[in-house]
Amino acid sequence: MIEKYHGVVPAMATPFTSNHEFDEETFRSLIDWYIESGVHGISVGGSQGEFFALDQAERLRMTELSVEAVAGRVPLYLGTGGISTREAIMYTQAAESAGADVAMVITPYFISPNGAELVDHFKAIAAATKLPLMLYNNPPRTGSNVTPDVYAKCAEVDNIVGIKDSSGDITQVVEYILAGAGKKVVFAGRDTIIMSLVMHGGSGAISPAANVFPKLVISLYDAIKAKRMDEALEISNALAPLRAAWAWGSFPVVIKEAMAAMGHSAGPARPPIAGLNESKRTQLKTILDEIQRFADQRASGDRVAAE
């Protein structure tokens, strides 16, 4: 079952209109663009998707709309986490009813559950659904960390199929991979560790950068899988400045600004998050132009080689 959960999956930014309403038309068109670009799946309702800024009705509507828009073309990873176990179960069961492929459950935020409480939380959600369930570890955002021993206990459950890790801790990620013994999926949530994770046997990336440069991130994954490591390193290094630029604004605005600059706008972030100032916007555009030139040069080289 886990074989289809791999590759490059955009951590989709939720599009909003200029007055911060959920933009359903753009949501559909972005999904079409991602899939046309060759991605291996779509992740909706994660941190980059500002799930925390959506009310319950919006999250449930997005659940239905994402299933409809993806239409089975690639696996759909749907964020179903909540602060309480009860809330997470409700969103997970809604995802199952709608027809999602995977429920992606972030650790509870604001509160700080201990390891035993996290194990109970994830096991209770898994027991309440037939969906494959993927843990989502993002300690910089939630204040909770899924340690390797907690993950190992959760991985004993059949329909807990793996984990997305946004800690950036490659040692911890390797321990996840070893704990899964090739029977579970492990995704990078940080673009800068995609290469290390896949080289160690991980499954791929639920990638913020794939909102902006999906084909280039796919090229990175393909190069790693083909063991073209010099090429993979070159691509990884070219993409790295985009992640570094996250420090220029409040999360998750930088990726949204980058999308707009590159012609695939998802609108603004919801308040209180503001857009970048003009100086930072100019600096970001310089980075994006450099990455695009790199991508164009690669594409030109591929065409010459084909001829």
# chains A, B, ... in the order shown; residues from 1 in each chain; ligands from 1
$ closest_atom_pairs --of "region 179-264 of chain A" --to "region 145-162 of chain A" --cutoff "9 Å" --atoms "only C-alpha atoms" --output "tab-separated table"
residue	atom	partner	partner_atom	distance
A:Ala179	CA	A:Ala152	CA	5.8
A:Gly180	CA	A:Ala155	CA	7.0
A:Lys183	CA	A:Val161	CA	7.9
A:Lys184	CA	A:Gly162	CA	4.8
A:Val185	CA	A:Gly162	CA	4.4
A:Val186	CA	A:Gly162	CA	5.6
A:Phe187	CA	A:Gly162	CA	8.2
$ residues_around --residues "Gly189 (chain A)" --least-positions-apart "5" --cutoff "12 Å" --atoms "only C-alpha atoms" --output "PDB file with C-alpha atoms, in the first residue's frame"
ATOM      1  CA  VAL A   8       7.270  15.329  -4.486  1.00  0.00           C
ATOM      2  CA  VAL A   9       4.050  16.535  -2.905  1.00  0.00           C
ATOM      3  CA  PRO A  10       3.432  20.306  -2.755  1.00  0.00           C
ATOM      4  CA  ALA A  11       2.597  21.544   0.745  1.00  0.00           C
ATOM      5  CA  MET A  12      -0.190  23.517  -0.857  1.00  0.00           C
ATOM      6  CA  SER A  43      -1.034  17.994   0.436  1.00  0.00           C
ATOM      7  CA  GLY A  46      -1.116  21.679   6.347  1.00  0.00           C
ATOM      8  CA  SER A  47       0.873  24.442   8.006  1.00  0.00           C
ATOM      9  CA  GLN A  48       1.773  26.102   4.710  1.00  0.00           C
ATOM     10  CA  ILE A 106      -0.115  17.321  13.146  1.00  0.00           C
ATOM     11  CA  LEU A 135       1.877  11.709  11.640  1.00  0.00           C
ATOM     12  CA  TYR A 136       3.028  15.284  11.089  1.00  0.00           C
ATOM     13  CA  ASN A 137       5.883  16.479  13.271  1.00  0.00           C
ATOM     14  CA  ASN A 138       6.546  20.214  13.290  1.00  0.00           C
ATOM     15  CA  PRO A 139       8.032  21.151  16.670  1.00  0.00           C
ATOM     16  CA  PRO A 140       9.000  24.724  15.707  1.00  0.00           C
ATOM     17  CA  ILE A 163       5.411  10.513   9.229  1.00  0.00           C
ATOM     18  CA  LYS A 164       6.125  13.904   7.725  1.00  0.00           C
ATOM     19  CA  ASP A 165       8.934  15.612   9.600  1.00  0.00           C
ATOM     20  CA  SER A 166       9.517  19.363   9.602  1.00  0.00           C
ATOM     21  CA  SER A 167      11.952  19.454  12.501  1.00  0.00           C
ATOM     22  CA  GLY A 168      14.957  19.642  10.195  1.00  0.00           C
ATOM     23  CA  ASP A 169      16.745  17.140  12.449  1.00  0.00           C
ATOM     24  CA  ILE A 170      18.241  14.621  10.030  1.00  0.00           C
ATOM     25  CA  VAL A 173      14.619  11.465  10.536  1.00  0.00           C
ATOM     26  CA  ILE A 194      15.180  16.326   0.902  1.00  0.00           C
ATOM     27  CA  MET A 195      18.474  15.047  -0.458  1.00  0.00           C
ATOM     28  CA  LEU A 197      16.320  12.041   3.634  1.00  0.00           C
ATOM     29  CA  GLY A 202      13.037   8.175   2.886  1.00  0.00           C
ATOM     30  CA  SER A 203       9.994   8.495   0.673  1.00  0.00           C
ATOM     31  CA  GLY A 204      10.187  12.064  -0.612  1.00  0.00           C
ATOM     32  CA  ALA A 205       9.061  15.531   0.380  1.00  0.00           C
ATOM     33  CA  ILE A 206       5.887  17.377   1.244  1.00  0.00           C
ATOM     34  CA  SER A 207       7.534  20.459  -0.105  1.00  0.00           C
ATOM     35  CA  PRO A 208       6.860  24.175   0.383  1.00  0.00           C
ATOM     36  CA  ALA A 209       9.208  24.999  -2.521  1.00  0.00           C
ATOM     37  CA  ALA A 210       7.071  22.850  -4.831  1.00  0.00           C
ATOM     38  CA  ARG A 243      14.193  28.391   2.454  1.00  0.00           C
TER      39      ARG A 243
END
$ residues_around --residues "Glu58 (chain A)" --least-positions-apart "5" --cutoff "12 Å" --atoms "only C-alpha atoms" --output "ChimeraX atom specification"
/A:14,16,21-24,45,50-53,63-66,91
$ closest_residue --among "A:Arg73, A:Leu118, A:Glu290, A:Leu133" --to "Thr92 (chain A)" --atoms "only C-alpha atoms"
A:Leu133
$ residues_around --residues "region 95-98 of chain A" --least-positions-apart "2" --cutoff "8 Å" --atoms "only C-alpha atoms" --output "ChimeraX atom specification"
/A:63-64,67,78,80,91-93,100-101,103,129-131
$ residues_around --residues "Val39 (chain A)" --least-positions-apart "3" --cutoff "8 Å" --atoms "only C-alpha atoms" --output "MDAnalysis selection string"
chainID A and resid 7:10 34:36 42 74 214:215 218
$ atom_distance --atom1 "CA of Ser84 (chain A)" --atom2 "CA of Tyr176 (chain A)"
24.5 Å
$ residues_around --residues "Phe110 (chain A)" --least-positions-apart "5" --cutoff "8 Å" --atoms "only C-alpha atoms" --output "PyMOL selection string"
chain A and resi 83+142-143
$ write_last_selection --atoms "C-alpha atoms" --output "PDB file, in the first residue's frame"
ATOM      1  CA  ILE A  83      -5.699  20.652  19.448  1.00  0.00           C
ATOM      2  CA  THR A 142       3.593  23.226  17.769  1.00  0.00           C
ATOM      3  CA  GLY A 143       6.088  22.974  20.619  1.00  0.00           C
TER       4      GLY A 143
END
$ closest_residue --among "A:Pro268, A:Val212, A:Gly249, A:Ala258" --to "Ala295 (chain A)" --atoms "only C-alpha atoms"
A:Val212
$ atom_distance --atom1 "CA of Ala223 (chain A)" --atom2 "CA of Arg298 (chain A)"
12.5 Å
$ select_by_dssp --residues "region 111-173 of chain A" --states "strand (DSSP E or B)" --output "ChimeraX atom specification"
/A:133-137,160-165
$ select_by_dssp --residues "region 80-147 of chain A" --states "alpha helix (DSSP H)" --output "ChimeraX atom specification"
/A:85-98,115-127,139-142
